[in-house]
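Novice: This structure is in structure tokens; I'll ask about it shortly.
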Amino acid sequence: MLDQMLKIIANIFKSPIKAGQSTPTMTIAPEDITAEVEIYTTMFCGFCWRAKGLLETKGVKFIEYDVSSDAGLRAKMKERSNGGRTVPQIFIDDQLVGGCDELHQLEHEGRLNTLLTGTA
């Protein structure tokens with residue numbers, strides 16, 4: 001039953017992109033992605049699902065830390081993100097990118113691929 005509920009929630013958050021967010025405009029060959037991407041999430045966070053969806057669409061492999069029930073991991077997230085308490089908190093090569101909106105903004109501006117390939 002839990003698996004079915006998670007699938008339903010995942011499908012809800014894979015709905016069409018909202019205004020102000022972008023679809024991936026530039027593709028990257030998986031072998032060109034050199035950055036390490038980390039994302040702090042919670043299970044029922046729609047913004048987390050959207051951020052992960054963008055990364056997955058681009059073929060980015062990422063390390064996901066679910067802070068739903070891990071106070072120590074949440075404290076580490078807060079420390080790394082300069083006090084950020086909301087999820088997602090996204091890091092590319094150990095640099096804070098921000099949350100879902102910031103990730104989509106980088107994609108919209110054409111700067112996400114540069115960060116992912118290290119060609120800045």
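Please note that chains go A, B, ... in the order of the structure tokens, that every chain numbers its residues from 1, and that ligands are numbered from 1 in the order shown.
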Would you list the contacts of A:Pro30 as a PyMOL selection string, taking every protein, DNA or RNA residue within 10 Å and counting only C-alpha atoms, but skipping same-chain residues closer than 5 positions in sequence?

Specialist: chain A and resi 58-61+117

Novice: Select from stretch 23-96 of chain A everything DSSP, run on the backbone, classes as helix (DSSP H, G or I), then give the selection as a list in words.

Specialist: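 Answer for stretch 23-96 of chain A restricted to helix (DSSP H, G or I) is Pro30, Glu31, Asp32, Gly46, Phe47, Cys48, Trp49, Arg50, Ala51, Lys52, Gly53, Leu54, Leu55, Glu56, Thr57, Ala71, Gly72, Leu73, Arg74, Ala75, Lys76, Met77, Lys78, Glu79 and Arg80 of chain A.
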
Novice: Write out as a compact mmCIF listing (two decimals) with C-alpha atoms, in the first residue's frame the residues lying within 9 Å of A:Met43, counting only C-alpha atoms and excluding same-chain residues fewer than 3 positions away.

Specialist:
# COMPACT_ATOMS: atom_id res chain seq x y z
CA LEU A 6 4.41 6.83 -3.14
CA GLY A 46 6.85 18.60 -4.01
CA CYS A 48 12.15 18.05 -3.91
CA TRP A 49 10.35 15.91 -6.50
CA ASP A 66 16.41 12.17 3.16
CA VAL A 67 16.24 14.35 6.27
CA SER A 68 12.64 13.41 7.10

Novice: If you run DSSP on this backbone, which residues of stretch 71-104 of chain A come out as strand (DSSP E), and could you give them as an MDAnalysis selection string?

Specialist: chainID A and resid 89:92 95:98
